[in-house]
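Student: Structure provided below as structure tokens; questions to follow.
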Amino acid sequence: MSDPATTDFERMLRQALTPVEPPADFAARFERTLQNLTDIAADELDAWELGAMRDPRNWPTVARPVAAVAIGGAASAALVVVRVRAGRKKRRADASDPLSYVEQTVKAVADEARRVLDR
């Protein structure tokens, strides 16, 4: 009673949804890319002069610093998340109870955020 088209579709769907392992160096490349985006955004903001905004002719150039803040902020937040998630197994093993695990995770987030902002 099963339609051949349905079983073929189910087979193709199962094949398409099989898990794929990322390359071994994916995490390092992803972290490096996020760090580069953060650094580029910081450099862009360093080069921007707030005093130049007094002249209306410079107002169209405000898009670059706004984009730098948005991109740099998102990349920095993602970098903190990636680094904190990388150490979760160690924190879980070191934690004596769920509350200490949460405390360690919050401390790790604060430490990583400080490290990213210091660059």
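Each chain in the structure tokens gets a letter, A, B and so on, in the order shown; residues start at 1 in every chain, and ligands are counted from 1 in the order they appear.
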Neighbours of region 73-83 of chain A within 12 Å (only C-alpha atoms; same-chain residues fewer than 6 positions away dropped), as a tab-separated table (two decimals) with N, CA and C atoms, in the first residue's frame?

Tutor:
```tsv
chain	number	residue	atom	x	y	z
A	26	PHE	N	37.48	23.43	12.75
A	26	PHE	CA	36.38	24.38	12.60
A	26	PHE	C	36.28	25.34	13.78
A	27	ALA	N	36.35	24.84	14.99
A	27	ALA	CA	36.21	25.69	16.18
A	27	ALA	C	37.32	26.74	16.22
A	28	ALA	N	38.54	26.34	15.92
A	28	ALA	CA	39.65	27.30	15.94
A	28	ALA	C	39.48	28.36	14.85
A	29	ARG	N	39.06	27.95	13.66
A	29	ARG	CA	38.85	28.91	12.58
A	29	ARG	C	37.71	29.85	12.89
A	30	PHE	N	36.64	29.33	13.47
A	30	PHE	CA	35.49	30.14	13.83
A	30	PHE	C	35.87	31.18	14.89
A	31	GLU	N	36.61	30.74	15.90
A	31	GLU	CA	37.06	31.66	16.95
A	31	GLU	C	37.99	32.73	16.38
A	32	ARG	N	38.89	32.32	15.49
A	32	ARG	CA	39.82	33.27	14.86
A	32	ARG	C	39.06	34.30	14.02
A	33	THR	N	38.03	33.87	13.31
A	33	THR	CA	37.22	34.77	12.49
A	33	THR	C	36.48	35.78	13.37
A	34	LEU	N	35.90	35.30	14.46
A	34	LEU	CA	35.21	36.21	15.37
A	34	LEU	C	36.18	37.22	15.98
A	35	GLN	N	37.38	36.76	16.34
A	35	GLN	CA	38.37	37.66	16.91
A	35	GLN	C	38.79	38.71	15.88
A	36	ASN	N	38.97	38.29	14.62
A	36	ASN	CA	39.33	39.24	13.56
A	36	ASN	C	38.24	40.29	13.35
A	37	LEU	N	36.97	39.85	13.35
A	37	LEU	CA	35.87	40.80	13.19
A	37	LEU	C	35.84	41.80	14.34
A	38	THR	N	36.07	41.32	15.54
A	38	THR	CA	36.10	42.20	16.72
A	38	THR	C	37.23	43.21	16.59
A	39	ASP	N	38.41	42.75	16.20
A	39	ASP	CA	39.56	43.65	16.05
A	39	ASP	C	39.34	44.69	14.95
A	40	ILE	N	38.77	44.27	13.82
A	40	ILE	CA	38.52	45.20	12.72
A	40	ILE	C	37.50	46.25	13.14
A	41	ALA	N	36.46	45.83	13.85
A	41	ALA	CA	35.45	46.79	14.31
A	41	ALA	C	36.06	47.77	15.30
A	42	ALA	N	36.92	47.29	16.18
A	42	ALA	CA	37.58	48.18	17.15
A	42	ALA	C	38.48	49.18	16.43
A	45	LEU	N	36.34	51.88	14.87
A	45	LEU	CA	35.85	52.85	15.86
A	45	LEU	C	36.97	53.76	16.35
A	65	PRO	N	30.63	53.67	11.53
A	65	PRO	CA	30.78	53.39	12.96
A	65	PRO	C	29.60	52.62	13.55
A	66	VAL	N	28.40	52.90	13.06
A	66	VAL	CA	27.24	52.16	13.55
A	66	VAL	C	27.37	50.69	13.17
A	67	ALA	N	27.79	50.42	11.95
A	67	ALA	CA	28.01	49.04	11.52
A	67	ALA	C	29.14	48.40	12.32
A	105	THR	N	30.11	29.33	35.75
A	105	THR	CA	29.78	29.75	34.39
A	105	THR	C	29.67	31.28	34.31
A	106	VAL	N	29.03	31.88	35.28
A	106	VAL	CA	28.90	33.34	35.30
A	106	VAL	C	30.28	33.98	35.41
A	107	LYS	N	31.13	33.41	36.26
A	107	LYS	CA	32.50	33.92	36.40
A	107	LYS	C	33.27	33.77	35.09
A	108	ALA	N	33.09	32.64	34.41
A	108	ALA	CA	33.76	32.41	33.12
A	108	ALA	C	33.29	33.42	32.08
A	109	VAL	N	31.99	33.72	32.06
A	109	VAL	CA	31.45	34.70	31.12
A	109	VAL	C	32.07	36.08	31.39
A	110	ALA	N	32.12	36.46	32.67
A	110	ALA	CA	32.70	37.76	33.03
A	110	ALA	C	34.18	37.82	32.65
A	111	ASP	N	34.92	36.75	32.92
A	111	ASP	CA	36.35	36.72	32.59
A	111	ASP	C	36.58	36.82	31.09
A	112	GLU	N	35.80	36.07	30.31
A	112	GLU	CA	35.96	36.11	28.85
A	112	GLU	C	35.55	37.46	28.29
A	113	ALA	N	34.47	38.04	28.82
A	113	ALA	CA	34.05	39.36	28.34
A	113	ALA	C	35.13	40.40	28.64
A	114	ARG	N	35.72	40.31	29.82
A	114	ARG	CA	36.81	41.23	30.17
A	114	ARG	C	38.00	41.03	29.23
A	115	ARG	N	38.31	39.77	28.92
A	115	ARG	CA	39.44	39.48	28.04
A	115	ARG	C	39.19	40.02	26.63
A	116	VAL	N	37.97	39.88	26.13
A	116	VAL	CA	37.65	40.38	24.80
A	116	VAL	C	37.69	41.90	24.77
A	117	LEU	N	37.18	42.53	25.82
A	117	LEU	CA	37.16	44.00	25.86
A	117	LEU	C	38.55	44.60	26.05
A	118	ASP	N	39.46	43.86	26.66
A	118	ASP	CA	40.81	44.37	26.88
A	118	ASP	C	41.63	44.41	25.59
A	119	ARG	N	41.25	43.65	24.61
A	119	ARG	CA	42.02	43.62	23.36
A	119	ARG	C	41.85	44.85	22.64
```

Student: Can you pull out every residue within 10 Å of region 60-62 of chain A, counting only C-alpha atoms, but drop anything in the same chain fewer than 5 positions away, and send it as a list in words?

Tutor: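 Here the qualifying residues turn out to be Trp48, Leu50, Ala52, Met53 and Ala67 of chain A.
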
Student: Rounded to one decimal, what separation in Å do you get between CA of Ala86 (chain A) and CA of Glu44 (chain A)?

Tutor: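 For CA of Ala86 (chain A) relative to CA of Glu44 (chain A), the distance reads 29.0 Å.
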
Student: Looking only at alpha helix (DSSP H) from DSSP on the backbone, list the matching residues of chain A as a PyMOL selection string.

Tutor: chain A and resi 4-16+26-47+63-86+88-94+98-118

Student: Work out how far CA of Gly87 (chain A) is from CA of Gln104 (chain A), in Å to one decimal.

Tutor: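 Rounded to one decimal, the two atoms are 10.3 Å apart.
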